There are 2 protein chains.
Amino acid sequence: MVLKDYNKEDKVLLAVDCIIFGFDEEGLKILLIKRDFEPKKGCWSLIGGFQKKDENLDQAAIRILNHLTGLHDIYMDQLYAFSKVDRDPKERTISVAYYALIDIATHDSDLIRLDSAQWFSLKKVPSLIFDHNLMVKKAIARLRQSAMTKPIGFELLPEKFTMRQLQQLYESILNKKLDKRNFINKVNSLDILIKLEEKDMTVSRKGAYLYRFDKDKYYKKLLEGFSFKL
Amino acid sequence: MVLKDYNKEDKVLLAVDCIIFGFDEEGLKILLIKRDFEPKKGCWSLIGGFQKKDENLDQAAIRILNHLTGLHDIYMDQLYAFSKVDRDPKERTISVAYYALIDIATHDSDLIRLDSAQWFSLKKVPSLIFDHNLMVKKAIARLRQSAMTKPIGFELLPEKFTMRQLQQLYESILNKKLDKRNFINKVNSLDILIKLEEKDMTVSRKGAYLYRFDKDKYYKKLLEGFSFKL
DNA sequence: TTTAATAAGTGTCTATTTTACACTTATTTT
DNA sequence: AAAATAAGTGTAAAATAGACACTTATTAAA
């Protein structure tokens with residue numbers, strides 16, 4: 001064989017589905033939409049769409065997310081390619097899943113126009129179309145893994161946040177209670193937070209100091225990675 | 001929109017490329033082939049092929065690996081989908097990379113018929129076609145990550161092996177020297193090895209005890225995971 | 001204005017894990 | 001019999017992780 005004939009090869013539809021993690025005072029959630037088209041019209045599903053010829057998968061994921069939710073400038077990462085032959089009953093489709101992290105409050109305004117979308121707590125995710133529940137499961141596992149090896153939070157928390165919020169974020173992700181003092185000591189040892197003068201007075205009578213991430217140090221740690229045993 | 005017209009969507013060629021890691025007395029290597037077809041005939045490349053309609057990606061990876069190398073019953077894992085628009089100059093192609101782990105000696109006989117294939121030490125990987133060097137880089141990073149969070153070695157070592165071989169494997173993967181005593185202590189604490197009566201007398205005058213993996217405990221640890229700081 | 005209620009904030013001690021480090025042993029070849 | 005080779009072995013110090021309880025600032029209610 002001298003020339004491989006690409007034309008003889010099967011082509012497939014390539015979809016992108018997005019697992020959008022959000023965080024608010026109730027904990028970690030994912031964003032789902034009620035499908036308004038067949039197949040599986042009326043069922044809950046991840047946000048998704050098809051890749052176009054002139055874009056790579058990252059771009060497709062960003063476009064689809066923005067188009068369906070209005071969200072922009074969102075952190076996204078590729079998760080996994082799902083390829084079971086009959087995963088989409090209508091036509092052979094391979095789906096590359098991406099996951100995104102956002103702070104729900106910060107992006108609330110973007111999402112207001114989305115009446116068919118809804119946030120679901122991780123523990124209350126309904127039955128989804130196709131293999132979307134599997135995608136969600138895998139995304140949670142990945143997020144958990146990430147939480148223990150690199151700083152996350154930057155994307156999921158508002159610019160200013162309290163230690164308690166950060167702890168609650170980690171508790172949601174890891175699905176377990178953490179000790180307040182140990183958590184603070186650990187986080188402080190990472191040296192990626194800046195303590196502000198300002199206090200958040202809405203959550204308690206005493207008020208809680210606000211922090212923000214030191215972006216430079218945050219991204220440095222992101223590259224290095226660490227082992228965060230919690 | 002009530003019915004989404006799948007037919008309007010772009011279809012693409014979906015390729016699978018395999019990063020095959022092998023281990024022998026010289027260390028960790030990857031298997032490359034010299035392409036005998038266009039484009040890029042004569043260049044070094046990963047083993048790859050196209051996915052067919054009636055198979056999922058895992059199956060495609062297994063088929064391609066077996067077809068091109070004769071290897072079978074090989075551990076493989078999906079790595080990442082590479083989708084840069086012009087990654088393949090001939091036609092728009094998305095490639096899902098898989099990586100495989102094998103013990104070179106054990107599979108030598110399978111590979112004998114492959115005169116266009118060659119093992120390259122990780123440090124001497126030549127320039128490859130398309131984005132294959134990027135794939136290799138990402139696969140090494142993944143392998144390194146895996147080595148620290150779950151037991152590997154089962155696939156890369158012969159059935160019976162010495163502690164030194166296991167240590168050399170980890171040294172190759174992590175690309176650093178490890179302390180002999182600390183390594184043994186750590187490995188023993190995992191409780192996944194069975195020490196045999198038998199010694200390997202080929203490597204030293206004193207001989208070295210052979211070990212084998214306790215499959216049950218090995219797979220149990222694989223599910224649990226661990227933190228292996230080396 | 002005093003009291004009660006709420007969540008924030010703070011430090012130490014113990015257990016576990018990780019790291020550093022050097023000599024003896026079994027065997028073969030000379 | 002001596003020399004050479006790689007295997008095999010343990011302990012102490014340092015770093016990290018985990019357990020644990022009281023005080024403080026503030027507001028709302030009495």
# chains A, B, ... in the order shown; residues from 1 in each chain; ligands from 1

call {"tool": "closest_atom_pairs", "arguments": {"of": "chain D", "to": "chain A", "cutoff": "6 Å", "atoms": "only C-alpha atoms (C1' of nucleotides)", "output": "Markdown table"}}
result
| residue | atom | partner | partner_atom | distance |
| --- | --- | --- | --- | --- |
| D:DA25 | C1' | A:Lys206 | CA | 4.8 |
| D:DT26 | C1' | A:Lys206 | CA | 4.4 |
| D:DT27 | C1' | A:Arg205 | CA | 5.4 |

call {"tool": "interface_residues", "arguments": {"of": "chain B", "to": "chain A", "cutoff": "6 Å", "atoms": "only C-alpha atoms", "output": "short mmCIF file (atom, residue, chain, number, x, y, z; two decimals) with N, CA and C atoms, in the first residue's frame"}}
result
data_model
loop_
_atom_site.label_atom_id
_atom_site.label_comp_id
_atom_site.auth_asym_id
_atom_site.auth_seq_id
_atom_site.Cartn_x
_atom_site.Cartn_y
_atom_site.Cartn_z
N VAL B 2 -38.07 21.61 16.50
CA VAL B 2 -38.64 20.40 17.10
C VAL B 2 -37.78 19.19 16.77
N LEU B 3 -37.32 19.16 15.56
CA LEU B 3 -36.50 18.02 15.15
C LEU B 3 -35.16 18.52 14.66
N ASP B 10 -21.72 18.39 10.05
CA ASP B 10 -20.49 17.91 9.42
C ASP B 10 -20.08 16.58 10.02
N LYS B 11 -19.61 15.71 9.15
CA LYS B 11 -19.04 14.45 9.65
C LYS B 11 -17.53 14.50 9.46
N VAL B 12 -16.86 13.78 10.31
CA VAL B 12 -15.39 13.80 10.23
C VAL B 12 -14.83 12.38 10.27
N LEU B 13 -13.61 12.29 9.83
CA LEU B 13 -12.86 11.05 9.99
C LEU B 13 -12.37 10.97 11.42
N PHE B 37 3.01 4.67 3.66
CA PHE B 37 1.99 5.27 2.78
C PHE B 37 1.97 6.77 3.00
N GLU B 38 1.39 7.44 2.02
CA GLU B 38 1.26 8.89 2.10
C GLU B 38 0.06 9.27 2.96
N LYS B 52 -14.05 2.36 12.68
CA LYS B 52 -15.11 1.93 11.76
C LYS B 52 -16.46 2.12 12.42
N ASN B 56 -16.74 0.67 18.77
CA ASN B 56 -16.47 1.84 19.59
C ASN B 56 -14.96 2.10 19.59
N LEU B 57 -14.55 3.15 20.24
CA LEU B 57 -13.14 3.55 20.15
C LEU B 57 -12.20 2.53 20.81
N SER B 83 -7.63 17.42 18.08
CA SER B 83 -8.60 17.88 17.08
C SER B 83 -8.21 19.17 16.36
N LYS B 84 -6.96 19.53 16.44
CA LYS B 84 -6.55 20.75 15.75
C LYS B 84 -6.97 20.64 14.28
N VAL B 85 -7.48 21.74 13.74
CA VAL B 85 -8.12 21.68 12.42
C VAL B 85 -7.19 21.13 11.34
#

call {"tool": "interface_residues", "arguments": {"of": "chain C", "to": "chain A", "cutoff": "8 Å", "atoms": "only C-alpha atoms (C1' of nucleotides)", "output": "compact mmCIF listing (two decimals) with N, CA and C atoms (P, O5', C5', C4', C3', O3' and C1' of nucleotides), in the first residue's frame"}}
result
# COMPACT_ATOMS: atom_id res chain seq x y z
P DT C 6 -28.98 30.11 67.66
O5' DT C 6 -27.80 30.69 66.78
C5' DT C 6 -28.05 31.77 65.88
C4' DT C 6 -26.72 32.22 65.32
C3' DT C 6 -25.87 31.07 64.79
O3' DT C 6 -25.74 31.21 63.39
C1' DT C 6 -24.60 32.61 66.08
P DA C 7 -25.53 29.89 62.51
O5' DA C 7 -24.02 30.09 62.05
C5' DA C 7 -23.72 31.24 61.26
C4' DA C 7 -22.33 31.70 61.59
C3' DA C 7 -21.23 30.72 61.18
O3' DA C 7 -20.34 31.41 60.31
C1' DA C 7 -20.87 31.55 63.36
P DA C 8 -18.92 31.04 59.94
O5' DA C 8 -18.15 32.03 60.92
C5' DA C 8 -18.13 33.41 60.62
C4' DA C 8 -16.92 34.04 61.28
C3' DA C 8 -15.60 33.51 60.76
O3' DA C 8 -14.72 34.61 60.60
C1' DA C 8 -15.81 33.01 63.08
P DT C 10 -7.61 33.96 62.92
O5' DT C 10 -6.82 33.42 64.20
C5' DT C 10 -7.29 33.69 65.51
C4' DT C 10 -6.93 32.53 66.43
C3' DT C 10 -5.73 31.70 65.99
O3' DT C 10 -4.86 31.57 67.09
C1' DT C 10 -7.52 30.29 66.53

call {"tool": "atom_distance", "arguments": {"atom1": "CA of Ala100 (chain A)", "atom2": "CA of Gly225 (chain A)"}}
result
19.4 Å

call {"tool": "residues_around", "arguments": {"residues": "Gln165 (chain B)", "least_positions_apart": "6", "cutoff": "9 Å", "atoms": "only C-alpha atoms (C1' of nucleotides)", "output": "tab-separated table (two decimals) with C-alpha atoms, in the first residue's frame"}}
result
chain	number	residue	atom	x	y	z
B	24	ASP	CA	12.90	-3.92	29.13
B	25	GLU	CA	16.33	-3.91	30.73
B	157	LEU	CA	6.90	-6.43	33.70

call {"tool": "residues_around", "arguments": {"residues": "Leu193 (chain B)", "least_positions_apart": "5", "cutoff": "12 Å", "atoms": "only C-alpha atoms (C1' of nucleotides)", "output": "number ranges by chain"}}
result
B: 151, 153-154, 159-163, 166, 184-188, 209-219, 221

call {"tool": "write_last_selection", "arguments": {"atoms": "C-alpha atoms", "output": "JSON list (two decimals), in the first residue's frame"}}
result
[["chain", "number", "residue", "atom", "x", "y", "z"],
["B", 151, "PRO", "CA", -0.22, 0.25, 40.93],
["B", 153, "GLY", "CA", 3.78, -2.70, 36.46],
["B", 154, "PHE", "CA", 1.61, -5.70, 36.02],
["B", 159, "GLU", "CA", 5.28, -12.44, 35.33],
["B", 160, "LYS", "CA", 8.24, -12.90, 37.64],
["B", 161, "PHE", "CA", 10.48, -9.96, 38.31],
["B", 162, "THR", "CA", 13.01, -8.65, 40.79],
["B", 163, "MET", "CA", 12.60, -5.68, 43.08],
["B", 166, "LEU", "CA", 10.27, -2.87, 39.51],
["B", 184, "ILE", "CA", 11.21, -1.53, 48.88],
["B", 185, "ASN", "CA", 9.61, -0.37, 52.12],
["B", 186, "LYS", "CA", 6.99, 1.52, 50.23],
["B", 187, "VAL", "CA", 6.20, -1.27, 47.84],
["B", 188, "ASN", "CA", 6.00, -3.78, 50.65],
["B", 209, "TYR", "CA", 14.67, -12.94, 44.66],
["B", 210, "LEU", "CA", 11.82, -12.98, 42.21],
["B", 211, "TYR", "CA", 8.40, -11.58, 42.99],
["B", 212, "ARG", "CA", 5.05, -11.70, 41.33],
["B", 213, "PHE", "CA", 1.96, -9.57, 41.74],
["B", 214, "ASP", "CA", -0.86, -10.84, 43.90],
["B", 215, "LYS", "CA", -3.52, -10.29, 41.27],
["B", 216, "ASP", "CA", -6.44, -9.98, 43.66],
["B", 217, "LYS", "CA", -4.73, -7.45, 45.88],
["B", 218, "TYR", "CA", -3.31, -5.68, 42.83],
["B", 219, "TYR", "CA", -6.71, -5.13, 41.27],
["B", 221, "LYS", "CA", -5.56, -1.44, 44.97]]

call {"tool": "select_by_dssp", "arguments": {"residues": "region 37-226 of chain B", "states": "helix (DSSP H, G or I)", "output": "PyMOL selection string"}}
result
chain B and resi 57-69+108-111+122-124+132-149+163-174+180-190+215-224

call {"tool": "select_by_dssp", "arguments": {"residues": "chain A", "states": "strand (DSSP E)", "output": "PyMOL selection string"}}
result
chain A and resi 11-24+27-34+44-45+47-50+75-82+93-103+117-121+161-162+193-200+208-213

call {"tool": "atom_distance", "arguments": {"atom1": "CA of Phe226 (chain A)", "atom2": "CA of Thr149 (chain A)"}}
result
5.0 Å

call {"tool": "residues_around", "arguments": {"residues": "region 17-20 of chain C", "least_positions_apart": "4", "cutoff": "8 Å", "atoms": "only C-alpha atoms (C1' of nucleotides)", "output": "ChimeraX atom specification"}}
result
/D:14-16

call {"tool": "atom_distance", "arguments": {"atom1": "CA of Leu68 (chain B)", "atom2": "CA of Arg144 (chain B)"}}
result
26.2 Å
